[in-house]
$ cat upload_9.cif   # mmCIF, C-alpha atoms
data_my_file
#
loop_
_atom_site.label_atom_id
_atom_site.label_comp_id
_atom_site.auth_asym_id
_atom_site.auth_seq_id
_atom_site.Cartn_x
_atom_site.Cartn_y
_atom_site.Cartn_z
CA MET A 262 68.02 -98.39 75.78
CA LYS A 263 69.05 -100.28 72.65
CA LYS A 264 71.02 -98.56 69.89
CA ILE A 265 71.45 -99.18 66.15
CA PHE A 266 73.65 -96.94 63.91
CA ASP A 267 74.25 -94.57 66.88
CA VAL A 268 70.45 -94.20 67.06
CA ILE A 269 68.68 -94.78 70.38
CA LEU A 270 65.41 -96.74 70.27
CA ALA A 271 63.70 -94.48 72.78
CA TYR A 272 60.08 -95.66 72.65
CA ASN A 273 58.29 -98.66 71.11
CA GLU A 274 61.64 -100.37 70.68
CA ARG A 275 60.49 -103.36 68.61
CA LYS A 276 58.65 -101.30 66.02
CA GLY A 277 61.35 -98.64 66.12
CA GLU A 278 64.04 -101.17 65.25
CA ALA A 279 61.99 -102.48 62.32
CA PHE A 280 61.32 -98.91 61.11
CA LEU A 281 65.00 -97.94 61.33
CA ARG A 282 66.21 -101.09 59.59
CA SER A 283 63.70 -100.46 56.78
CA LEU A 284 65.49 -97.13 56.11
CA SER A 285 68.95 -98.68 55.93
CA GLY A 286 70.68 -97.81 52.65
CA LYS A 287 67.59 -95.97 51.39
CA SER A 288 67.51 -92.46 49.91
CA PRO A 289 65.31 -89.91 51.69
CA LEU A 290 64.12 -86.40 50.89
CA PHE A 291 64.26 -83.82 53.67
CA VAL A 292 61.43 -81.28 53.76
CA CYS A 293 61.86 -78.36 56.16
CA THR A 294 58.56 -76.69 57.00
CA ILE A 295 59.02 -73.11 58.16
CA GLY A 296 56.72 -70.48 59.59
CA THR A 297 56.48 -67.61 62.05
CA THR A 298 54.16 -66.75 64.89
CA GLU A 299 53.82 -63.54 66.90
CA THR A 300 53.75 -65.81 69.96
CA ALA A 301 57.56 -66.03 69.64
CA LYS A 302 57.81 -62.32 70.44
CA ILE A 303 56.39 -62.72 73.95
CA PRO A 304 59.40 -61.94 76.18
CA GLY A 305 60.90 -65.12 77.66
CA ILE A 306 59.13 -67.57 75.32
CA SER A 307 61.82 -68.32 72.72
CA ALA A 308 65.61 -68.34 72.41
CA ALA A 309 65.51 -68.56 68.61
CA GLY A 310 67.19 -65.23 67.94
CA LYS A 311 69.25 -62.67 69.82
CA ASN A 312 66.03 -60.79 70.65
CA PRO A 313 62.30 -61.47 70.08
CA GLU A 314 62.03 -59.19 67.03
CA LEU A 315 64.67 -61.22 65.19
CA THR A 316 62.60 -64.41 65.39
CA ASP A 317 61.00 -63.51 62.03
CA TYR A 318 64.43 -63.98 60.43
CA THR A 319 65.37 -67.29 62.10
CA PRO A 320 63.37 -69.72 59.88
CA PRO A 321 64.43 -68.18 56.54
CA ALA A 322 68.04 -67.93 57.74
CA ASP A 323 67.95 -71.57 58.86
CA VAL A 324 66.91 -72.86 55.43
CA GLU A 325 69.32 -70.55 53.62
CA LEU A 326 72.05 -72.18 55.68
CA LEU A 327 70.82 -75.65 54.65
CA LEU A 328 70.72 -74.88 50.92
CA LEU A 329 73.43 -72.25 50.47
CA GLY A 330 75.83 -73.00 53.30
CA LYS A 331 75.41 -69.41 54.51
CA CYS A 332 72.67 -66.98 55.50
CA LYS A 333 71.54 -64.13 53.26
CA CYS A 334 68.54 -62.53 55.00
CA ILE A 335 70.73 -61.86 58.05
CA ALA A 336 74.49 -61.35 58.25
CA ARG A 337 75.32 -64.33 60.48
CA VAL A 338 74.09 -67.76 61.47
CA PRO A 339 71.04 -67.55 63.82
CA VAL A 340 72.06 -67.73 67.48
CA THR A 341 70.38 -67.73 70.88
CA PRO A 342 70.71 -64.65 73.12
CA GLU A 343 73.76 -66.41 74.63
CA GLY A 344 75.36 -66.83 71.20
CA ILE A 345 74.70 -70.57 70.80
CA PRO A 346 74.20 -71.48 67.12
CA THR A 347 71.11 -72.82 65.40
CA PRO A 348 70.67 -76.61 65.14
CA ALA A 349 70.55 -76.03 61.37
CA LEU A 350 74.34 -76.44 61.59
CA ILE A 351 73.77 -80.08 62.58
CA THR A 352 71.20 -80.56 59.83
CA MET A 353 73.36 -78.97 57.14
CA SER A 354 76.34 -81.11 58.11
CA ALA A 355 74.31 -84.34 58.04
CA LEU A 356 72.63 -83.48 54.73
CA ARG A 357 75.98 -82.81 53.09
CA MET A 358 77.75 -85.85 54.49
CA ALA A 359 75.00 -88.23 53.31
CA ASP A 360 74.15 -86.32 50.11
CA ILE A 361 70.47 -85.98 51.08
CA PRO A 362 68.38 -83.51 49.03
CA ALA A 363 66.38 -80.85 50.86
CA LEU A 364 63.25 -78.88 50.03
CA VAL A 365 61.79 -75.90 51.88
CA ALA A 366 58.03 -75.56 52.47
CA SER A 367 56.57 -72.28 53.70
CA ALA A 368 53.61 -72.44 56.08
CA GLY A 369 53.43 -68.65 56.53
CA LEU A 370 56.31 -66.19 56.84
CA ASN A 371 56.96 -62.53 57.54
CA VAL A 372 60.39 -62.74 55.88
CA LYS A 373 60.87 -64.84 52.75
CA PRO A 374 64.07 -66.88 52.40
CA CYS A 375 66.51 -66.20 49.56
CA VAL A 376 66.18 -69.78 48.30
CA PRO A 377 63.45 -71.59 46.32
CA PHE A 378 60.56 -72.79 48.45
CA LEU A 379 57.18 -74.48 48.17
CA ASP A 380 54.39 -72.10 49.23
CA LEU A 381 51.62 -73.97 51.06
CA GLY A 382 49.39 -70.91 51.17
CA GLY A 383 49.48 -70.13 54.88
CA ASP A 384 49.88 -66.80 56.65
CA PRO A 385 52.10 -65.93 59.62
CA GLY A 386 50.53 -66.82 62.95
CA ARG A 387 49.19 -64.28 65.41
CA ASP A 388 49.84 -64.22 69.17
CA ILE A 389 47.87 -67.15 70.60
CA ARG A 390 46.69 -64.94 73.49
CA SER A 391 44.28 -63.47 70.91
CA GLY A 392 42.43 -66.80 70.73
CA ASN A 393 42.49 -66.42 66.93
CA ALA A 394 45.99 -67.48 66.01
CA VAL A 395 45.94 -69.00 62.51
CA ASP A 396 43.98 -68.34 59.31
CA ASN A 397 43.34 -70.75 56.40
CA VAL A 398 44.10 -73.87 58.43
CA GLU A 399 42.03 -76.23 56.27
CA GLU A 400 43.42 -74.82 53.02
CA THR A 401 47.02 -75.09 54.25
CA LEU A 402 46.39 -78.68 55.33
CA ARG A 403 44.80 -79.54 51.96
CA ARG A 404 47.66 -78.06 49.95
CA ALA A 405 50.23 -79.79 52.16
CA MET A 406 48.50 -83.14 51.65
CA ILE A 407 48.75 -82.72 47.88
CA ALA A 408 52.42 -81.81 48.25
CA GLY A 409 53.05 -84.81 50.51
CA GLU A 410 51.41 -87.22 48.07
CA ASN A 411 53.60 -85.99 45.23
CA LEU A 412 56.85 -85.67 47.16
CA ALA A 413 56.40 -89.29 48.28
CA LYS A 414 56.90 -90.29 44.65
CA THR A 415 60.38 -88.72 44.54
CA ALA A 416 62.18 -90.60 47.35
CA ASP A 417 62.27 -93.84 49.33
CA TYR A 418 60.98 -92.00 52.38
CA LEU A 419 60.50 -88.46 53.71
CA VAL A 420 62.13 -86.77 56.65
CA ILE A 421 60.03 -83.75 57.64
CA GLY A 422 61.36 -81.09 60.01
CA GLU A 423 60.43 -77.58 61.10
CA SER A 424 61.71 -74.18 62.07
CA ILE A 425 59.28 -71.90 63.88
CA PRO A 426 60.34 -69.88 66.93
CA GLY A 427 57.87 -70.11 69.79
CA GLY A 428 56.73 -73.49 68.48
CA THR A 429 56.75 -75.40 71.75
CA THR A 430 54.30 -72.89 73.23
CA THR A 431 51.90 -73.16 70.30
CA ALA A 432 52.32 -76.96 70.38
CA LEU A 433 51.31 -76.85 74.05
CA GLY A 434 48.28 -74.79 73.03
CA ILE A 435 47.10 -77.43 70.55
CA LEU A 436 47.75 -80.29 72.97
CA MET A 437 45.88 -78.63 75.84
CA ALA A 438 43.02 -77.60 73.53
CA MET A 439 42.72 -81.26 72.49
CA GLY A 440 42.68 -82.48 76.09
CA ILE A 441 46.17 -84.01 76.11
CA ASP A 442 48.10 -83.56 79.35
CA ALA A 443 51.22 -81.68 78.25
CA ARG A 444 51.64 -79.17 81.08
CA GLY A 445 55.27 -79.17 82.14
CA LYS A 446 56.13 -81.65 79.37
CA VAL A 447 57.04 -79.57 76.30
CA SER A 448 60.71 -78.75 75.84
CA SER A 449 62.45 -75.40 75.39
CA SER A 450 65.41 -74.02 73.48
CA MET A 451 66.55 -72.58 76.84
CA PRO A 452 68.10 -74.52 79.75
CA ASN A 453 65.52 -72.97 82.09
CA ASN A 454 62.23 -74.11 80.60
CA PRO A 455 59.56 -71.39 81.16
CA HIS A 456 56.65 -73.81 81.76
CA ASP A 457 54.58 -71.38 83.83
CA LEU A 458 54.80 -68.68 81.16
CA LYS A 459 53.81 -71.16 78.44
CA VAL A 460 50.80 -72.48 80.37
CA LYS A 461 49.70 -68.94 81.27
CA THR A 462 49.96 -67.96 77.58
CA VAL A 463 47.87 -70.94 76.48
CA HIS A 464 45.22 -70.32 79.14
CA ALA A 465 44.94 -66.70 77.95
CA GLY A 466 44.43 -67.92 74.38
CA LEU A 467 41.82 -70.50 75.33
CA LYS A 468 39.95 -67.93 77.41
CA ALA A 469 40.01 -65.42 74.53
CA SER A 470 38.62 -68.09 72.17
CA GLY A 471 35.81 -68.87 74.64
CA ALA A 472 37.04 -72.43 75.11
CA GLU A 473 38.34 -74.60 77.93
CA THR A 474 41.08 -77.20 78.07
CA GLY A 475 40.00 -80.21 76.00
CA ALA A 476 37.26 -78.30 74.17
CA PHE A 477 38.65 -79.26 70.75
CA ALA A 478 39.48 -82.91 71.40
CA GLU A 479 37.53 -83.87 68.26
CA ASP A 480 38.39 -80.77 66.22
CA PRO A 481 42.16 -80.47 65.77
CA LEU A 482 41.91 -77.79 63.09
CA LYS A 483 39.90 -75.57 65.41
CA ALA A 484 42.58 -76.11 68.07
CA VAL A 485 45.21 -74.94 65.58
CA SER A 486 43.20 -71.92 64.45
CA CYS A 487 42.62 -70.74 68.02
CA VAL A 488 45.90 -71.45 69.84
CA GLY A 489 48.31 -73.03 67.33
CA ASP A 490 50.71 -71.93 64.61
CA PRO A 491 50.76 -72.24 60.80
CA MET A 492 53.59 -74.80 60.76
CA ILE A 493 51.44 -77.51 62.40
CA PRO A 494 48.74 -77.91 59.68
CA ALA A 495 51.42 -77.72 56.97
CA PHE A 496 53.53 -80.40 58.66
CA ALA A 497 50.49 -82.57 59.43
CA GLY A 498 49.28 -82.31 55.84
CA LEU A 499 52.66 -83.40 54.49
CA VAL A 500 52.58 -86.43 56.82
CA LEU A 501 48.99 -87.31 55.88
CA GLY A 502 49.77 -87.06 52.17
CA ALA A 503 53.08 -88.93 52.20
CA ALA A 504 52.70 -91.62 54.86
CA SER A 505 50.03 -93.50 52.94
CA LYS A 506 52.74 -94.21 50.35
CA VAL A 507 56.20 -94.15 51.99
CA PRO A 508 57.68 -94.11 55.51
CA VAL A 509 57.80 -90.68 57.16
CA LEU A 510 60.26 -89.68 59.86
CA MET A 511 58.87 -86.70 61.76
CA ALA A 512 62.03 -84.82 62.72
CA GLY A 513 61.73 -82.74 65.85
CA GLY A 514 61.15 -82.57 69.58
CA THR A 515 57.97 -82.11 71.60
CA GLN A 516 56.33 -80.11 68.79
CA MET A 517 56.00 -83.45 67.01
CA ALA A 518 53.46 -84.46 69.66
CA ALA A 519 51.13 -81.69 68.45
CA VAL A 520 51.60 -82.75 64.82
CA LEU A 521 50.95 -86.34 65.87
CA ALA A 522 47.75 -85.35 67.69
CA VAL A 523 46.43 -83.62 64.56
CA VAL A 524 47.38 -86.51 62.24
CA ASN A 525 45.94 -89.07 64.67
CA ALA A 526 42.62 -87.23 64.85
CA LEU A 527 42.33 -86.91 61.06
CA ASN A 528 43.61 -90.31 59.82
CA ARG A 529 45.28 -92.60 62.33
CA ASP A 530 45.70 -95.34 59.69
CA VAL A 531 48.80 -93.60 58.25
CA LEU A 532 50.60 -93.84 61.60
CA ASP A 533 51.71 -97.41 60.84
CA ASN A 534 54.23 -95.74 58.50
CA VAL A 535 55.39 -92.95 60.85
CA ALA A 536 58.08 -92.52 63.50
CA ILE A 537 59.50 -89.54 65.38
CA GLY A 538 63.21 -88.82 64.98
CA THR A 539 64.81 -86.54 67.56
CA THR A 540 68.04 -86.00 69.51
CA ARG A 541 69.38 -87.53 72.71
CA TRP A 542 69.07 -84.06 74.30
CA ILE A 543 65.28 -84.19 73.92
CA ILE A 544 64.75 -87.67 75.37
CA SER A 545 67.13 -87.00 78.27
CA ASP A 546 65.65 -83.56 78.99
CA ARG A 547 64.51 -83.55 82.61
CA THR A 548 62.44 -80.40 82.03
CA ALA A 549 60.24 -82.10 79.42
CA ASP A 550 58.62 -85.46 78.65
CA LEU A 551 58.14 -86.25 74.96
CA LYS A 552 57.36 -89.92 75.62
CA GLY A 553 54.83 -88.96 78.29
CA ILE A 554 52.90 -86.93 75.73
CA ILE A 555 53.24 -89.45 72.89
CA THR A 556 51.85 -92.32 74.99
CA GLN A 557 48.57 -90.40 75.30
CA ILE A 558 48.20 -90.14 71.51
CA ALA A 559 49.59 -93.10 69.57
CA HIS A 560 52.03 -95.97 70.02
CA ILE A 561 54.52 -94.88 67.36
CA PRO A 562 58.31 -95.31 67.63
CA VAL A 563 60.58 -92.57 68.91
CA LEU A 564 64.17 -92.69 67.62
CA ALA A 565 66.93 -90.41 68.89
CA ALA A 566 70.29 -89.60 67.32
CA ASP A 567 72.87 -90.25 70.04
CA LEU A 568 74.68 -86.97 69.43
CA ASN A 569 77.11 -85.95 72.17
CA PHE A 570 79.00 -82.66 72.14
CA SER A 571 80.57 -82.97 75.61
CA GLN A 572 84.03 -83.55 74.11
CA SER A 573 83.74 -80.81 71.50
CA LYS A 574 86.52 -78.22 71.40
CA LEU A 575 83.91 -75.51 70.78
CA ASP A 576 82.05 -73.73 73.59
CA GLY A 577 78.96 -73.11 71.42
CA LEU A 578 78.53 -76.84 70.79
CA ARG A 579 79.31 -77.97 74.35
CA ALA A 580 76.44 -75.69 75.44
CA TYR A 581 74.04 -78.23 73.92
CA GLU A 582 75.05 -80.61 76.72
CA ALA A 583 73.97 -77.99 79.28
CA GLY A 584 70.41 -77.95 77.89
CA ALA A 585 70.62 -75.19 75.29
CA VAL A 586 68.76 -75.50 71.96
CA LYS A 587 68.47 -79.36 71.95
CA GLU A 588 66.67 -79.76 68.62
CA GLY A 589 65.18 -77.96 65.61
CA VAL A 590 65.38 -77.67 61.81
CA GLY A 591 65.10 -81.47 61.65
CA ALA A 592 68.51 -81.95 63.30
CA GLY A 593 67.83 -85.28 65.01
CA GLY A 594 65.83 -86.82 62.19
CA VAL A 595 68.32 -85.81 59.50
CA ALA A 596 71.22 -87.13 61.60
CA ILE A 597 69.33 -90.44 61.88
CA ALA A 598 68.70 -90.46 58.11
CA ALA A 599 72.40 -89.84 57.40
CA MET A 600 73.39 -92.72 59.69
CA ALA A 601 70.78 -95.02 58.14
CA LYS A 602 71.57 -94.11 54.51
CA SER A 603 75.28 -94.78 55.14
CA GLU A 604 74.36 -98.03 56.94
CA GLY A 605 76.22 -96.86 60.00
CA SER A 606 79.41 -95.58 58.35
CA ILE A 607 78.45 -92.04 59.32
CA THR A 608 78.88 -92.26 63.09
CA LYS A 609 78.17 -89.65 65.73
CA GLU A 610 81.92 -88.99 66.03
CA ILE A 611 82.35 -88.45 62.27
CA LEU A 612 79.27 -86.21 62.24
CA LEU A 613 80.58 -84.16 65.18
CA ARG A 614 83.84 -83.49 63.33
CA GLU A 615 81.89 -82.24 60.30
CA ILE A 616 79.66 -80.06 62.53
CA GLU A 617 82.77 -78.59 64.20
CA ARG A 618 84.35 -77.87 60.82
CA ASN A 619 81.24 -76.07 59.60
CA TYR A 620 80.87 -74.24 62.90
CA GLU A 621 84.40 -72.84 62.61
CA LEU A 622 83.80 -71.77 59.01
CA LEU A 623 80.52 -70.03 59.79
CA VAL A 624 80.69 -68.90 63.40
CA GLY A 625 84.34 -68.89 64.45
CA SER A 626 86.55 -70.96 66.72
CA LYS A 627 84.92 -70.36 70.11
#
$ encode --input "upload_9.cif" --output "structure tokens"
Amino acid sequence: MKKIFDVILAYNERKGEAFLRSLSGKSPLFVCTIGTTETAKIPGISAAGKNPELTDYTPPADVELLLLGKCKCIARVPVTPEGIPTPALITMSALRMADIPALVASAGLNVKPCVPFLDLGGDPGRDIRSGNAVDNVEETLRRAMIAGENLAKTADYLVIGESIPGGTTTALGILMAMGIDARGKVSSSMPNNPHDLKVKTVHAGLKASGAETGAFAEDPLKAVSCVGDPMIPAFAGLVLGAASKVPVLMAGGTQMAAVLAVVNALNRDVLDNVAIGTTRWIISDRTADLKGIITQIAHIPVLAADLNFSQSKLDGLRAYEAGAVKEGVGAGGVAIAAMAKSEGSITKEILLREIERNYELLVGSK
């Protein structure tokens, strides 16, 4: 696959190259959309926290790290049960190196972050097995569209990312509810991807809502309200509002497929101005298939930051090469934006050194 600025053109190479070159030297704004869902507390679903109950603290801690350089709502940087640090470390390092401003948008939280944030009016999500997962979907989408329209006036382009534990399971719920074949294709923050558990969870939610797979192919907001999470309508609204005016890089992994499905169903015209920005770990993940889902929805570019931690001196970072974490908090998209803004002078090697430096400051030397 072709590379520019240490960025892999992973899908729709021709359009991806044009999109990436259009960002060169430009100044973006990063918007991190955060939310929580009770789905994350199902044992075995998420690795975003040392135990399921701590997943409420992961999104606020992630954005505190981005804006403050440390966490306040919890004592330490969020880690997986194995002690592997949040991808917010990557995002923070890239934001600082390229001097990219960041804004936090809340889609619905149980724990508020100790930093300023834009409240999009959503509530925390319920367990999707209830079949009634998200309230106020239309209102959250509407508010997010207004925010997106206005934020588009403040920067050359937007990079939009997310932090919501359990989000690949709720993304699978939306995709299956809309009739998109995503079984066995969404990624996981764990090396052993619990596909069977995710599919079983979604089936339970669809059954509880009285619907079958594909029942909401023409009604994405109903899919979200039944078996989704509050981050998706907030993220989709930001894209819908901003992409009619400026380019939008959707920063994330397979959850971006669910956002894309919602945006595509509501206004596919804006997709000419949209690309997905992720990490090499997502596109090389043999337990998932982002491109296989995207091809069923829309022919938009997929770009991947060619990050490689195999030579890192730190165990917690080398674990990314073994399939842990992979993506989140906009890590891939912000890394791409930093490389593009610097016109290639921020390389993956330079970025790794900054990530290692911040890791040692915040986590320690292991």
$ resolve_selection --input "upload_9.cif" --expression "the PyMOL selection byres ((chain A and resi 566) around 8)" --output "number ranges by chain"
A: 267-269, 538-541, 564-565, 567-568, 593-594, 596-597
$ residues_around --input "upload_9.cif" --residues "Ile389 of chain A" --least-positions-apart "5" --cutoff "6 Å" --atoms "all atoms listed in the file" --output "compact mmCIF listing (two decimals) with C-alpha atoms, keeping the file's coordinate frame"
# COMPACT_ATOMS: atom_id res chain seq x y z
CA ALA A 394 45.99 -67.48 66.01
CA GLY A 466 44.43 -67.92 74.38
CA VAL A 488 45.90 -71.45 69.84
$ residues_around --input "upload_9.cif" --residues "Gly591 of chain A" --least-positions-apart "3" --cutoff "9 Å" --atoms "only C-alpha atoms" --output "PyMOL selection string"
chain A and resi 291-293+348-349+351-352+420-424+511-514+538-539+588+594-596
$ write_last_selection --input "upload_9.cif" --atoms "C-alpha atoms" --output "mmCIF file, in the frame of the given file"
data_model
loop_
_atom_site.group_PDB
_atom_site.id
_atom_site.type_symbol
_atom_site.label_atom_id
_atom_site.label_comp_id
_atom_site.auth_asym_id
_atom_site.auth_seq_id
_atom_site.Cartn_x
_atom_site.Cartn_y
_atom_site.Cartn_z
ATOM 1 C CA PHE A 291 64.260 -83.820 53.670
ATOM 2 C CA VAL A 292 61.430 -81.280 53.760
ATOM 3 C CA CYS A 293 61.860 -78.360 56.160
ATOM 4 C CA PRO A 348 70.670 -76.610 65.140
ATOM 5 C CA ALA A 349 70.550 -76.030 61.370
ATOM 6 C CA ILE A 351 73.770 -80.080 62.580
ATOM 7 C CA THR A 352 71.200 -80.560 59.830
ATOM 8 C CA VAL A 420 62.130 -86.770 56.650
ATOM 9 C CA ILE A 421 60.030 -83.750 57.640
ATOM 10 C CA GLY A 422 61.360 -81.090 60.010
ATOM 11 C CA GLU A 423 60.430 -77.580 61.100
ATOM 12 C CA SER A 424 61.710 -74.180 62.070
ATOM 13 C CA MET A 511 58.870 -86.700 61.760
ATOM 14 C CA ALA A 512 62.030 -84.820 62.720
ATOM 15 C CA GLY A 513 61.730 -82.740 65.850
ATOM 16 C CA GLY A 514 61.150 -82.570 69.580
ATOM 17 C CA GLY A 538 63.210 -88.820 64.980
ATOM 18 C CA THR A 539 64.810 -86.540 67.560
ATOM 19 C CA GLU A 588 66.670 -79.760 68.620
ATOM 20 C CA GLY A 594 65.830 -86.820 62.190
ATOM 21 C CA VAL A 595 68.320 -85.810 59.500
ATOM 22 C CA ALA A 596 71.220 -87.130 61.600
#
$ atom_distance --input "upload_9.cif" --atom1 "atom CA of Gly489 of chain A" --atom2 "atom CA of Pro452 of chain A"
23.4 Å
$ atom_distance --input "upload_9.cif" --atom1 "atom CA of Lys264 of chain A" --atom2 "atom CA of Ile561 of chain A"
17.1 Å
$ residues_around --input "upload_9.cif" --residues "Tyr418 of chain A" --least-positions-apart "6" --cutoff "12 Å" --atoms "all atoms listed in the file" --output "PyMOL selection string"
chain A and resi 280-281+283-292+361-362+409-412+500+503-511+534-536+595+598+601-602
$ residues_around --input "upload_9.cif" --residues "Glu621 of chain A" --least-positions-apart "5" --cutoff "12 Å" --atoms "all atoms listed in the file" --output "MDAnalysis selection string"
chainID A and resid 338 346 350 573:578 614:616 626:627
$ residues_near_point --input "upload_9.cif" --point "(45.9, -76.4, 60.3)" --cutoff "6 Å" --atoms "only C-alpha atoms" --output "PyMOL selection string"
chain A and resi 398-399+402+482+485+494
$ resolve_selection --input "upload_9.cif" --expression "the PyMOL selection byres ((chain A and resi 344) around 12)" --output "list of chain:residue names"
A:Ala308, A:Ala309, A:Gly310, A:Lys311, A:Asn312, A:Arg337, A:Val338, A:Pro339, A:Val340, A:Thr341, A:Pro342, A:Glu343, A:Ile345, A:Pro346, A:Thr347, A:Met451, A:Asp576, A:Gly577, A:Leu578, A:Ala580, A:Tyr581, A:Ala585, A:Val586, A:Val624, A:Gly625, A:Lys627
$ closest_residue --input "upload_9.cif" --among "A:Gly605, A:Gly369, A:Gly330, A:Gly305" --to "Asp384 of chain A" --atoms "all atoms listed in the file"
A:Gly369
$ atom_distance --input "upload_9.cif" --atom1 "atom CA of Ser603 of chain A" --atom2 "atom CA of Ala416 of chain A"
15.8 Å
$ decode --input "upload_9.cif" --residues "segment 453-471 of chain A" --atoms "N, CA and C atoms" --output "PDB file, in the first residue's frame"
ATOM      1  N   ASN A 453      -7.510 -10.868  22.172  1.00  0.00           N
ATOM      2  CA  ASN A 453      -8.489 -11.911  21.871  1.00  0.00           C
ATOM      3  C   ASN A 453      -9.862 -11.249  21.731  1.00  0.00           C
ATOM      4  N   ASN A 454     -10.275 -11.055  20.491  1.00  0.00           N
ATOM      5  CA  ASN A 454     -11.492 -10.310  20.191  1.00  0.00           C
ATOM      6  C   ASN A 454     -12.725 -11.161  20.518  1.00  0.00           C
ATOM      7  N   PRO A 455     -13.578 -10.732  21.467  1.00  0.00           N
ATOM      8  CA  PRO A 455     -14.717 -11.559  21.892  1.00  0.00           C
ATOM      9  C   PRO A 455     -15.927 -11.436  20.950  1.00  0.00           C
ATOM     10  N   HIS A 456     -15.749 -11.869  19.696  1.00  0.00           N
ATOM     11  CA  HIS A 456     -16.818 -11.700  18.696  1.00  0.00           C
ATOM     12  C   HIS A 456     -18.117 -12.378  19.116  1.00  0.00           C
ATOM     13  N   ASP A 457     -18.029 -13.602  19.623  1.00  0.00           N
ATOM     14  CA  ASP A 457     -19.250 -14.337  19.971  1.00  0.00           C
ATOM     15  C   ASP A 457     -20.048 -13.607  21.044  1.00  0.00           C
ATOM     16  N   LEU A 458     -19.344 -13.060  22.040  1.00  0.00           N
ATOM     17  CA  LEU A 458     -20.007 -12.326  23.115  1.00  0.00           C
ATOM     18  C   LEU A 458     -20.677 -11.070  22.562  1.00  0.00           C
ATOM     19  N   LYS A 459     -19.999 -10.375  21.645  1.00  0.00           N
ATOM     20  CA  LYS A 459     -20.560  -9.154  21.066  1.00  0.00           C
ATOM     21  C   LYS A 459     -21.826  -9.458  20.259  1.00  0.00           C
ATOM     22  N   VAL A 460     -21.755 -10.486  19.422  1.00  0.00           N
ATOM     23  CA  VAL A 460     -22.918 -10.844  18.601  1.00  0.00           C
ATOM     24  C   VAL A 460     -24.079 -11.293  19.486  1.00  0.00           C
ATOM     25  N   LYS A 461     -23.782 -12.094  20.498  1.00  0.00           N
ATOM     26  CA  LYS A 461     -24.822 -12.557  21.436  1.00  0.00           C
ATOM     27  C   LYS A 461     -25.479 -11.361  22.134  1.00  0.00           C
ATOM     28  N   THR A 462     -24.665 -10.378  22.520  1.00  0.00           N
ATOM     29  CA  THR A 462     -25.177  -9.170  23.187  1.00  0.00           C
ATOM     30  C   THR A 462     -26.096  -8.388  22.259  1.00  0.00           C
ATOM     31  N   VAL A 463     -25.679  -8.236  20.998  1.00  0.00           N
ATOM     32  CA  VAL A 463     -26.506  -7.506  20.029  1.00  0.00           C
ATOM     33  C   VAL A 463     -27.812  -8.244  19.756  1.00  0.00           C
ATOM     34  N   HIS A 464     -27.739  -9.545  19.571  1.00  0.00           N
ATOM     35  CA  HIS A 464     -28.964 -10.327  19.332  1.00  0.00           C
ATOM     36  C   HIS A 464     -29.949 -10.171  20.493  1.00  0.00           C
ATOM     37  N   ALA A 465     -29.422 -10.159  21.726  1.00  0.00           N
ATOM     38  CA  ALA A 465     -30.294  -9.986  22.896  1.00  0.00           C
ATOM     39  C   ALA A 465     -30.979  -8.622  22.844  1.00  0.00           C
ATOM     40  N   GLY A 466     -30.233  -7.591  22.440  1.00  0.00           N
ATOM     41  CA  GLY A 466     -30.801  -6.250  22.340  1.00  0.00           C
ATOM     42  C   GLY A 466     -31.857  -6.144  21.255  1.00  0.00           C
ATOM     43  N   LEU A 467     -31.562  -6.724  20.097  1.00  0.00           N
ATOM     44  CA  LEU A 467     -32.534  -6.688  18.999  1.00  0.00           C
ATOM     45  C   LEU A 467     -33.813  -7.424  19.389  1.00  0.00           C
ATOM     46  N   LYS A 468     -33.646  -8.575  20.034  1.00  0.00           N
ATOM     47  CA  LYS A 468     -34.816  -9.350  20.467  1.00  0.00           C
ATOM     48  C   LYS A 468     -35.652  -8.554  21.467  1.00  0.00           C
ATOM     49  N   ALA A 469     -34.968  -7.891  22.418  1.00  0.00           N
ATOM     50  CA  ALA A 469     -35.685  -7.104  23.429  1.00  0.00           C
ATOM     51  C   ALA A 469     -36.429  -5.921  22.803  1.00  0.00           C
ATOM     52  N   SER A 470     -35.893  -5.396  21.692  1.00  0.00           N
ATOM     53  CA  SER A 470     -36.545  -4.256  21.029  1.00  0.00           C
ATOM     54  C   SER A 470     -37.627  -4.715  20.058  1.00  0.00           C
ATOM     55  N   GLY A 471     -37.781  -6.048  19.913  1.00  0.00           N
ATOM     56  CA  GLY A 471     -38.798  -6.586  19.011  1.00  0.00           C
ATOM     57  C   GLY A 471     -38.410  -6.486  17.550  1.00  0.00           C
TER      58      GLY A 471
END
